[in-house]
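Novice: Contents of model-v9.pdb (PDB, C-alpha atoms and all ligand atoms) are below:
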```pdb
ATOM      1  CA  MET A1164       0.000   0.000   0.000  1.00  0.00           C
ATOM      2  CA  HIS A1165       1.131   3.511  -0.789  1.00  0.00           C
ATOM      3  CA  LEU A1166      -0.186   4.694   2.534  1.00  0.00           C
ATOM      4  CA  ASP A1167       2.255   2.579   4.497  1.00  0.00           C
ATOM      5  CA  THR A1168       5.173   3.688   2.369  1.00  0.00           C
ATOM      6  CA  ASN A1169       4.282   7.337   2.822  1.00  0.00           C
ATOM      7  CA  LYS A1170       3.877   6.886   6.529  1.00  0.00           C
ATOM      8  CA  SER A1171       7.260   5.288   6.969  1.00  0.00           C
ATOM      9  CA  LEU A1172       8.902   7.883   4.737  1.00  0.00           C
ATOM     10  CA  GLU A1173       7.389  10.630   6.806  1.00  0.00           C
ATOM     11  CA  CYS A1174       8.557   8.942   9.967  1.00  0.00           C
ATOM     12  CA  THR A1175      12.078   8.592   8.584  1.00  0.00           C
ATOM     13  CA  TYR A1176      12.083  12.238   7.599  1.00  0.00           C
ATOM     14  CA  GLU A1177      10.974  13.342  11.048  1.00  0.00           C
ATOM     15  CA  GLN A1178      13.653  11.213  12.621  1.00  0.00           C
ATOM     16  CA  ALA A1179      16.283  12.715  10.372  1.00  0.00           C
ATOM     17  CA  VAL A1180      15.133  16.198  11.275  1.00  0.00           C
ATOM     18  CA  SER A1181      15.005  15.503  15.000  1.00  0.00           C
ATOM     19  CA  VAL A1182      18.479  13.951  14.957  1.00  0.00           C
ATOM     20  CA  SER A1183      19.964  16.885  13.110  1.00  0.00           C
ATOM     21  CA  LYS A1184      18.340  19.260  15.597  1.00  0.00           C
ATOM     22  CA  VAL A1185      19.805  17.348  18.518  1.00  0.00           C
ATOM     23  CA  ARG A1186      23.229  17.328  16.897  1.00  0.00           C
ATOM     24  CA  TYR A1187      23.039  21.033  16.402  1.00  0.00           C
ATOM     25  CA  GLN A1188      21.831  21.802  19.913  1.00  0.00           C
ATOM     26  CA  HIS A1189      24.299  19.567  21.699  1.00  0.00           C
ATOM     27  CA  GLY A1190      27.235  20.147  19.393  1.00  0.00           C
ATOM     28  CA  CYS A1191      28.696  22.889  21.578  1.00  0.00           C
ATOM     29  CA  ALA A1192      27.982  21.455  25.027  1.00  0.00           C
ATOM     30  CA  ILE A1193      29.441  18.010  24.355  1.00  0.00           C
ATOM     31  CA  ASP A1194      32.994  17.815  23.083  1.00  0.00           C
ATOM     32  CA  PRO A1195      33.203  17.295  19.315  1.00  0.00           C
ATOM     33  CA  THR A1196      35.275  14.119  19.595  1.00  0.00           C
ATOM     34  CA  THR A1197      32.612  12.370  21.670  1.00  0.00           C
ATOM     35  CA  THR A1198      29.826  13.699  19.449  1.00  0.00           C
ATOM     36  CA  ARG A1199      31.565  12.408  16.335  1.00  0.00           C
ATOM     37  CA  LEU A1200      32.275   9.033  17.912  1.00  0.00           C
ATOM     38  CA  VAL A1201      28.648   8.565  18.984  1.00  0.00           C
ATOM     39  CA  ASN A1202      27.393   9.456  15.516  1.00  0.00           C
ATOM     40  CA  ASP A1203      29.993   7.240  13.845  1.00  0.00           C
ATOM     41  CA  VAL A1204      29.173   4.161  15.903  1.00  0.00           C
ATOM     42  CA  CYS A1205      25.422   4.370  16.480  1.00  0.00           C
ATOM     43  CA  THR A1206      22.348   4.435  14.307  1.00  0.00           C
ATOM     44  CA  PRO A1207      20.868   7.964  14.133  1.00  0.00           C
ATOM     45  CA  TYR A1208      18.066   6.996  16.488  1.00  0.00           C
ATOM     46  CA  ALA A1209      20.429   5.552  19.108  1.00  0.00           C
ATOM     47  CA  ALA A1210      22.778   8.514  18.736  1.00  0.00           C
ATOM     48  CA  ASP A1211      19.846  10.841  19.402  1.00  0.00           C
ATOM     49  CA  LEU A1212      19.006   9.052  22.664  1.00  0.00           C
ATOM     50  CA  ILE A1213      22.629   8.874  23.777  1.00  0.00           C
ATOM     51  CA  MET A1214      23.312  12.537  23.115  1.00  0.00           C
ATOM     52  CA  LYS A1215      20.373  13.448  25.360  1.00  0.00           C
ATOM     53  CA  GLN A1216      21.735  11.263  28.165  1.00  0.00           C
ATOM     54  CA  LEU A1217      25.243  12.654  27.658  1.00  0.00           C
ATOM     55  CA  SER A1218      23.918  16.175  27.757  1.00  0.00           C
ATOM     56  CA  VAL A1219      22.309  15.606  31.173  1.00  0.00           C
ATOM     57  CA  ALA A1220      25.426  13.848  32.447  1.00  0.00           C
ATOM     58  CA  TYR A1221      27.696  16.723  31.376  1.00  0.00           C
ATOM     59  CA  GLN A1222      25.360  19.216  32.998  1.00  0.00           C
ATOM     60  CA  PHE A1223      25.347  17.426  36.358  1.00  0.00           C
ATOM     61  CA  THR A1224      28.798  15.827  36.483  1.00  0.00           C
ATOM     62  CA  GLN A1225      29.916  18.132  39.287  1.00  0.00           C
ATOM     63  CA  THR A1226      26.726  18.040  41.351  1.00  0.00           C
ATOM     64  CA  ALA A1227      25.675  14.396  40.979  1.00  0.00           C
ATOM     65  CA  THR A1228      26.411  11.981  43.820  1.00  0.00           C
ATOM     66  CA  VAL A1229      28.365   8.815  43.040  1.00  0.00           C
ATOM     67  CA  ASN A1230      28.870   6.298  45.861  1.00  0.00           C
ATOM     68  CA  ILE A1231      30.953   3.298  44.887  1.00  0.00           C
ATOM     69  CA  VAL A1232      30.277   0.145  46.891  1.00  0.00           C
ATOM     70  CA  GLU A1233      32.331  -2.846  45.785  1.00  0.00           C
ATOM     71  CA  SER A1234      31.620  -3.266  42.081  1.00  0.00           C
ATOM     72  CA  GLU A1235      28.573  -0.996  41.958  1.00  0.00           C
ATOM     73  CA  ALA A1236      28.283   2.759  41.651  1.00  0.00           C
ATOM     74  CA  PHE A1237      25.169   4.336  43.136  1.00  0.00           C
ATOM     75  CA  VAL A1238      24.429   7.463  41.159  1.00  0.00           C
ATOM     76  CA  SER A1239      21.966  10.182  42.118  1.00  0.00           C
ATOM     77  CA  PHE A1240      21.132  13.512  40.545  1.00  0.00           C
ATOM     78  CA  ASP A1241      18.981  14.782  43.434  1.00  0.00           C
ATOM     79  CA  GLY A1242      20.734  13.109  46.384  1.00  0.00           C
ATOM     80  CA  THR A1243      17.619  11.033  47.107  1.00  0.00           C
ATOM     81  CA  ASN A1244      16.930   8.643  44.250  1.00  0.00           C
ATOM     82  CA  PHE A1245      19.861   6.384  43.408  1.00  0.00           C
ATOM     83  CA  CYS A1246      20.418   4.153  40.414  1.00  0.00           C
ATOM     84  CA  ALA A1247      22.949   1.332  40.556  1.00  0.00           C
ATOM     85  CA  VAL A1248      25.571   1.029  37.830  1.00  0.00           C
ATOM     86  CA  ASP A1249      27.444  -2.241  37.468  1.00  0.00           C
ATOM     87  CA  CYS A1250      30.977  -0.880  37.099  1.00  0.00           C
ATOM     88  CA  SER A1251      32.365  -3.765  35.079  1.00  0.00           C
ATOM     89  CA  ARG A1252      29.454  -4.309  32.677  1.00  0.00           C
ATOM     90  CA  MET A1253      28.424  -0.624  32.523  1.00  0.00           C
ATOM     91  CA  VAL A1254      24.783  -1.616  33.033  1.00  0.00           C
ATOM     92  CA  CYS A1255      22.382   0.456  35.121  1.00  0.00           C
ATOM     93  CA  ASN A1256      19.093  -0.464  36.758  1.00  0.00           C
ATOM     94  CA  CYS A1257      17.239   2.638  35.539  1.00  0.00           C
ATOM     95  CA  VAL A1258      14.293   2.474  33.149  1.00  0.00           C
ATOM     96  CA  PHE A1259      16.186   3.992  30.221  1.00  0.00           C
ATOM     97  CA  ASN A1260      19.054   1.515  30.421  1.00  0.00           C
ATOM     98  CA  ASN A1261      16.704  -1.421  30.933  1.00  0.00           C
ATOM     99  CA  THR A1262      14.463  -0.603  28.007  1.00  0.00           C
ATOM    100  CA  THR A1263      16.974   0.653  25.454  1.00  0.00           C
ATOM    101  CA  LYS A1264      20.117  -1.254  26.516  1.00  0.00           C
ATOM    102  CA  LEU A1265      21.965   1.966  25.766  1.00  0.00           C
ATOM    103  CA  PRO A1266      24.347   3.727  28.191  1.00  0.00           C
ATOM    104  CA  CYS A1267      22.358   6.123  30.382  1.00  0.00           C
ATOM    105  CA  LYS A1268      23.166   9.380  32.181  1.00  0.00           C
ATOM    106  CA  HIS A1269      24.090   7.406  35.336  1.00  0.00           C
ATOM    107  CA  VAL A1270      26.712   5.402  33.430  1.00  0.00           C
ATOM    108  CA  PHE A1271      28.086   8.605  31.909  1.00  0.00           C
ATOM    109  CA  VAL A1272      28.250  10.437  35.250  1.00  0.00           C
ATOM    110  CA  TYR A1273      30.032   7.473  36.832  1.00  0.00           C
ATOM    111  CA  ARG A1274      32.509   7.404  33.939  1.00  0.00           C
ATOM    112  CA  ALA A1275      33.072  11.152  34.143  1.00  0.00           C
ATOM    113  CA  GLN A1276      33.707  11.137  37.887  1.00  0.00           C
ATOM    114  CA  SER A1277      36.002   8.104  37.504  1.00  0.00           C
ATOM    115  CA  GLN A1278      38.124   9.922  34.899  1.00  0.00           C
ATOM    116  CA  MET A1279      37.171   7.385  32.230  1.00  0.00           C
ATOM    117  CA  SER A1280      36.537   8.358  28.637  1.00  0.00           C
ATOM    118  CA  MET A1281      32.870   9.266  28.359  1.00  0.00           C
ATOM    119  CA  PHE A1282      32.070   7.106  25.371  1.00  0.00           C
ATOM    120  CA  THR A1283      33.592   4.042  23.753  1.00  0.00           C
ATOM    121  CA  ALA A1284      32.152   1.871  21.005  1.00  0.00           C
ATOM    122  CA  ASP A1285      31.965  -1.203  23.246  1.00  0.00           C
ATOM    123  CA  LEU A1286      29.186   0.478  25.248  1.00  0.00           C
ATOM    124  CA  ILE A1287      26.895  -0.028  22.283  1.00  0.00           C
ATOM    125  CA  ALA A1288      25.101  -3.292  21.556  1.00  0.00           C
ATOM    126  CA  GLN A1289      25.355  -4.600  18.016  1.00  0.00           C
ATOM    127  CA  ARG A1290      21.708  -3.844  17.201  1.00  0.00           C
ATOM    128  CA  TRP A1291      22.275  -0.128  17.749  1.00  0.00           C
ATOM    129  CA  ARG A1292      25.366   0.091  15.582  1.00  0.00           C
ATOM    130  CA  LYS A1293      25.374   1.475  12.100  1.00  0.00           C
ATOM    131  CA  PRO A1294      25.256  -1.243   9.454  1.00  0.00           C
ATOM    132  CA  VAL A1295      28.636  -1.964   7.900  1.00  0.00           C
ATOM    133  CA  ILE A1296      28.643  -1.063   4.230  1.00  0.00           C
ATOM    134  CA  ALA A1297      30.056  -3.666   1.839  1.00  0.00           C
ATOM    135  CA  SER A1298      33.659  -2.942   0.903  1.00  0.00           C
ATOM    136  CA  THR A1299      32.789  -3.078  -2.817  1.00  0.00           C
ATOM    137  CA  ALA A1300      30.480  -0.079  -2.481  1.00  0.00           C
ATOM    138  CA  THR A1301      31.883   3.268  -3.539  1.00  0.00           C
ATOM    139  CA  PRO A1302      32.584   5.115  -0.333  1.00  0.00           C
ATOM    140  CA  THR A1303      31.050   8.553  -0.181  1.00  0.00           C
ATOM    141  CA  THR A1304      30.323  10.602   2.877  1.00  0.00           C
ATOM    142  CA  SER A1305      26.614  10.843   2.191  1.00  0.00           C
ATOM    143  CA  GLN A1306      26.188   7.166   1.402  1.00  0.00           C
ATOM    144  CA  CYS A1307      26.465   6.133   4.999  1.00  0.00           C
ATOM    145  CA  GLU A1308      23.659   8.463   6.005  1.00  0.00           C
ATOM    146  CA  ALA A1309      21.503   7.513   3.021  1.00  0.00           C
ATOM    147  CA  PHE A1310      22.004   3.822   3.715  1.00  0.00           C
ATOM    148  CA  ALA A1311      21.035   4.218   7.338  1.00  0.00           C
ATOM    149  CA  PHE A1312      17.850   6.080   6.466  1.00  0.00           C
ATOM    150  CA  THR A1313      16.589   4.003   3.548  1.00  0.00           C
ATOM    151  CA  THR A1314      17.307   0.457   4.715  1.00  0.00           C
ATOM    152  CA  PRO A1315      14.230  -1.110   6.323  1.00  0.00           C
ATOM    153  CA  ARG A1316      14.806  -0.889  10.029  1.00  0.00           C
ATOM    154  CA  THR A1317      13.763  -3.318  12.709  1.00  0.00           C
ATOM    155  CA  ASP A1318      15.349  -1.516  15.628  1.00  0.00           C
ATOM    156  CA  ILE A1319      13.261   1.646  15.531  1.00  0.00           C
ATOM    157  CA  LEU A1320      10.275   2.152  17.730  1.00  0.00           C
ATOM    158  CA  SER A1321       7.117   3.978  16.883  1.00  0.00           C
ATOM    159  CA  LYS A1322       6.846   7.646  17.755  1.00  0.00           C
ATOM    160  CA  THR A1323       4.598   6.779  20.692  1.00  0.00           C
ATOM    161  CA  ASP A1324       7.209   4.425  22.128  1.00  0.00           C
ATOM    162  CA  LYS A1325       9.857   7.034  21.565  1.00  0.00           C
ATOM    163  CA  THR A1326       7.860   9.628  23.506  1.00  0.00           C
ATOM    164  CA  ASP A1327       7.255   7.160  26.324  1.00  0.00           C
ATOM    165  CA  TRP A1328      10.961   6.431  26.527  1.00  0.00           C
ATOM    166  CA  LEU A1329      11.911  10.045  26.640  1.00  0.00           C
ATOM    167  CA  LEU A1330       9.356  10.714  29.366  1.00  0.00           C
ATOM    168  CA  MET A1331      10.581   7.750  31.359  1.00  0.00           C
ATOM    169  CA  SER A1332      14.210   8.745  30.989  1.00  0.00           C
ATOM    170  CA  GLN A1333      13.406  12.243  32.195  1.00  0.00           C
ATOM    171  CA  ASN A1334      11.611  10.936  35.251  1.00  0.00           C
ATOM    172  CA  SER A1335      14.184   8.357  36.216  1.00  0.00           C
TER     173      SER A1335
HETATM  174 ZN    ZN B   1      20.851   4.622  34.473  1.00  0.00          ZN
END
```
Output the file's structure as C-alpha cells, nothing else.
Specialist:
Amino acid sequence: MHLDTNKSLECTYEQAVSVSKVRYQHGCAIDPTTTRLVNDVCTPYAADLIMKQLSVAYQFTQTATVNIVESEAFVSFDGTNFCAVDCSRMVCNCVFNNTTKLPCKHVFVYRAQSQMSMFTADLIAQRWRKPVIASTATPTTSQCEAFAFTTPRTDILSKTDKTDWLLMSQNS
C-alpha cells in the first residue's frame, strides 16, 4: 500500500530532522570528539538518545552523587533517588538503560567522575550500531547516512514508544 510507504517515509524524515536538531543543539555542550564518535558508531536513532543522556550527564557531572560500593556505583542527581551502575558491565538499573540497553546518564556520570573516557564503542550493543557497508560499495560521505535512512529498520520504535521512553528517561 502507498499509505504505508508514505507513513514510513514521513517517519524517517521526522527522525532525520530531530536527529539533526539534537546534533546542532548539543554540538557545543558536548565535546566534538565524543559527538563524532557517537554518531559514527550508532544508528541515528540511538545517537539521538545517547546525546540526550550525555547532555544531562555533562550538565550534572559536578553536582551528581556517586557512591561506589564494591563493584557498583550508586548514582543520584537529586541526592535522594539512586540508580545502581554495574561498574564492570556498565549496566544500570534505571528504566532507560533497561528498556533501550543503551548507556544512560548514570553510566556517563560514573565514567566522568572516575576519569574514564565518556564514550567508547563497546558500550553499544550490536543492534544499535550502524550497518557496515560492503567494501565493494563506492565510499562517499553521504552514502552512509543515506544507507542508514533508507534500509528497512527493525530496531526503531514507533513515535509513541519514543515519547514514552523520553518521558521515562526524564523521570528516572
Ligand atoms: Zn541509568
Novice: Using CA of Lys1215 (chain A) and CA of Pro1294 (chain A) as the two end points, give the distance in Å to one decimal.
Specialist: 22.2 Å
Novice: For chain A versus ligand ZN 1 (chain B), which residues have an atom no more than 9 Å away, and what is each residue's nearest atom pair and distance in Å rounded to one decimal, using all atoms listed in the file, chain-then-number order, as JSON lines?
Specialist:
```
{"residue": "A:Val1238", "atom": "CA", "partner": "B:ZN1", "partner_atom": "ZN", "distance": 8.1}
{"residue": "A:Cys1246", "atom": "CA", "partner": "B:ZN1", "partner_atom": "ZN", "distance": 6.0}
{"residue": "A:Ala1247", "atom": "CA", "partner": "B:ZN1", "partner_atom": "ZN", "distance": 7.2}
{"residue": "A:Val1248", "atom": "CA", "partner": "B:ZN1", "partner_atom": "ZN", "distance": 6.8}
{"residue": "A:Val1254", "atom": "CA", "partner": "B:ZN1", "partner_atom": "ZN", "distance": 7.5}
{"residue": "A:Cys1255", "atom": "CA", "partner": "B:ZN1", "partner_atom": "ZN", "distance": 4.5}
{"residue": "A:Asn1256", "atom": "CA", "partner": "B:ZN1", "partner_atom": "ZN", "distance": 5.8}
{"residue": "A:Cys1257", "atom": "CA", "partner": "B:ZN1", "partner_atom": "ZN", "distance": 4.3}
{"residue": "A:Val1258", "atom": "CA", "partner": "B:ZN1", "partner_atom": "ZN", "distance": 7.0}
{"residue": "A:Phe1259", "atom": "CA", "partner": "B:ZN1", "partner_atom": "ZN", "distance": 6.3}
{"residue": "A:Asn1260", "atom": "CA", "partner": "B:ZN1", "partner_atom": "ZN", "distance": 5.4}
{"residue": "A:Asn1261", "atom": "CA", "partner": "B:ZN1", "partner_atom": "ZN", "distance": 8.1}
{"residue": "A:Pro1266", "atom": "CA", "partner": "B:ZN1", "partner_atom": "ZN", "distance": 7.2}
{"residue": "A:Cys1267", "atom": "CA", "partner": "B:ZN1", "partner_atom": "ZN", "distance": 4.6}
{"residue": "A:Lys1268", "atom": "CA", "partner": "B:ZN1", "partner_atom": "ZN", "distance": 5.8}
{"residue": "A:His1269", "atom": "CA", "partner": "B:ZN1", "partner_atom": "ZN", "distance": 4.4}
{"residue": "A:Val1270", "atom": "CA", "partner": "B:ZN1", "partner_atom": "ZN", "distance": 6.0}
{"residue": "A:Phe1271", "atom": "CA", "partner": "B:ZN1", "partner_atom": "ZN", "distance": 8.6}
{"residue": "A:Ser1332", "atom": "CA", "partner": "B:ZN1", "partner_atom": "ZN", "distance": 8.6}
{"residue": "A:Ser1335", "atom": "CA", "partner": "B:ZN1", "partner_atom": "ZN", "distance": 7.8}
```
Novice: Please, which residues in region 1203-1242 of chain A fall within 12 Å of region 1280-1287 of chain A when counting only C-alpha atoms, and what is the closest atom pair and distance in Å to one decimal for each, ordered by chain then residue number, as JSON lines?
Specialist:
```
{"residue": "A:Asp1203", "atom": "CA", "partner": "A:Ala1284", "partner_atom": "CA", "distance": 9.2}
{"residue": "A:Val1204", "atom": "CA", "partner": "A:Ala1284", "partner_atom": "CA", "distance": 6.3}
{"residue": "A:Cys1205", "atom": "CA", "partner": "A:Ile1287", "partner_atom": "CA", "distance": 7.4}
{"residue": "A:Thr1206", "atom": "CA", "partner": "A:Ile1287", "partner_atom": "CA", "distance": 10.2}
{"residue": "A:Ala1209", "atom": "CA", "partner": "A:Ile1287", "partner_atom": "CA", "distance": 9.1}
{"residue": "A:Ala1210", "atom": "CA", "partner": "A:Ile1287", "partner_atom": "CA", "distance": 10.1}
{"residue": "A:Ile1213", "atom": "CA", "partner": "A:Phe1282", "partner_atom": "CA", "distance": 9.7}
{"residue": "A:Met1214", "atom": "CA", "partner": "A:Phe1282", "partner_atom": "CA", "distance": 10.5}
{"residue": "A:Gln1216", "atom": "CA", "partner": "A:Met1281", "partner_atom": "CA", "distance": 11.3}
{"residue": "A:Leu1217", "atom": "CA", "partner": "A:Met1281", "partner_atom": "CA", "distance": 8.4}
{"residue": "A:Ser1218", "atom": "CA", "partner": "A:Met1281", "partner_atom": "CA", "distance": 11.3}
{"residue": "A:Ala1220", "atom": "CA", "partner": "A:Met1281", "partner_atom": "CA", "distance": 9.6}
{"residue": "A:Tyr1221", "atom": "CA", "partner": "A:Met1281", "partner_atom": "CA", "distance": 9.6}
{"residue": "A:Thr1224", "atom": "CA", "partner": "A:Met1281", "partner_atom": "CA", "distance": 11.2}
```
Novice: Can you work out the spacing between CA of Gln1225 (chain A) and CA of Arg1252 (chain A) in Å, to one decimal?
Specialist: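 Rounded to one decimal, the two atoms are 23.4 Å apart.
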Novice: Any idea what the distance is between CA of Asn1202 (chain A) and CA of Asp1249 (chain A)?
Specialist: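 CA of Asp1249 (chain A) lies at a distance of 24.9 Å from CA of Asn1202 (chain A).
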Novice: Quick one: of A:Val1295, A:Tyr1273, A:Leu1212, A:Met1279, who's nearest to Thr1228 (chain A), counting all atoms listed in the file?
Specialist: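 The closest residue to Thr1228 (chain A) is A:Tyr1273.
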Novice: Using all atoms listed in the file, which protein or nucleic acid residues come within 8 Å of Cys1250 (chain A)? Drop anything in the same chain fewer than 3 positions from it, and give the result as a list in words.
Specialist: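 After dropping sequence-adjacent residues, the list is Ser1234, Glu1235, Ala1236, Met1253 and Val1254 of chain A.
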Novice: Taking all atoms of region 1190-1209 of chain A that the file lists and extending 8 Å past them on each side, where is the centre of the axis-aligned box and how long are its edges? Answer in Å to one decimal, as lines of an AutoDock Vina configuration file.
Specialist:
```
center_x = 26.7
center_y = 13.5
center_z = 19.4
size_x = 33.2
size_y = 34.7
size_z = 27.2
```
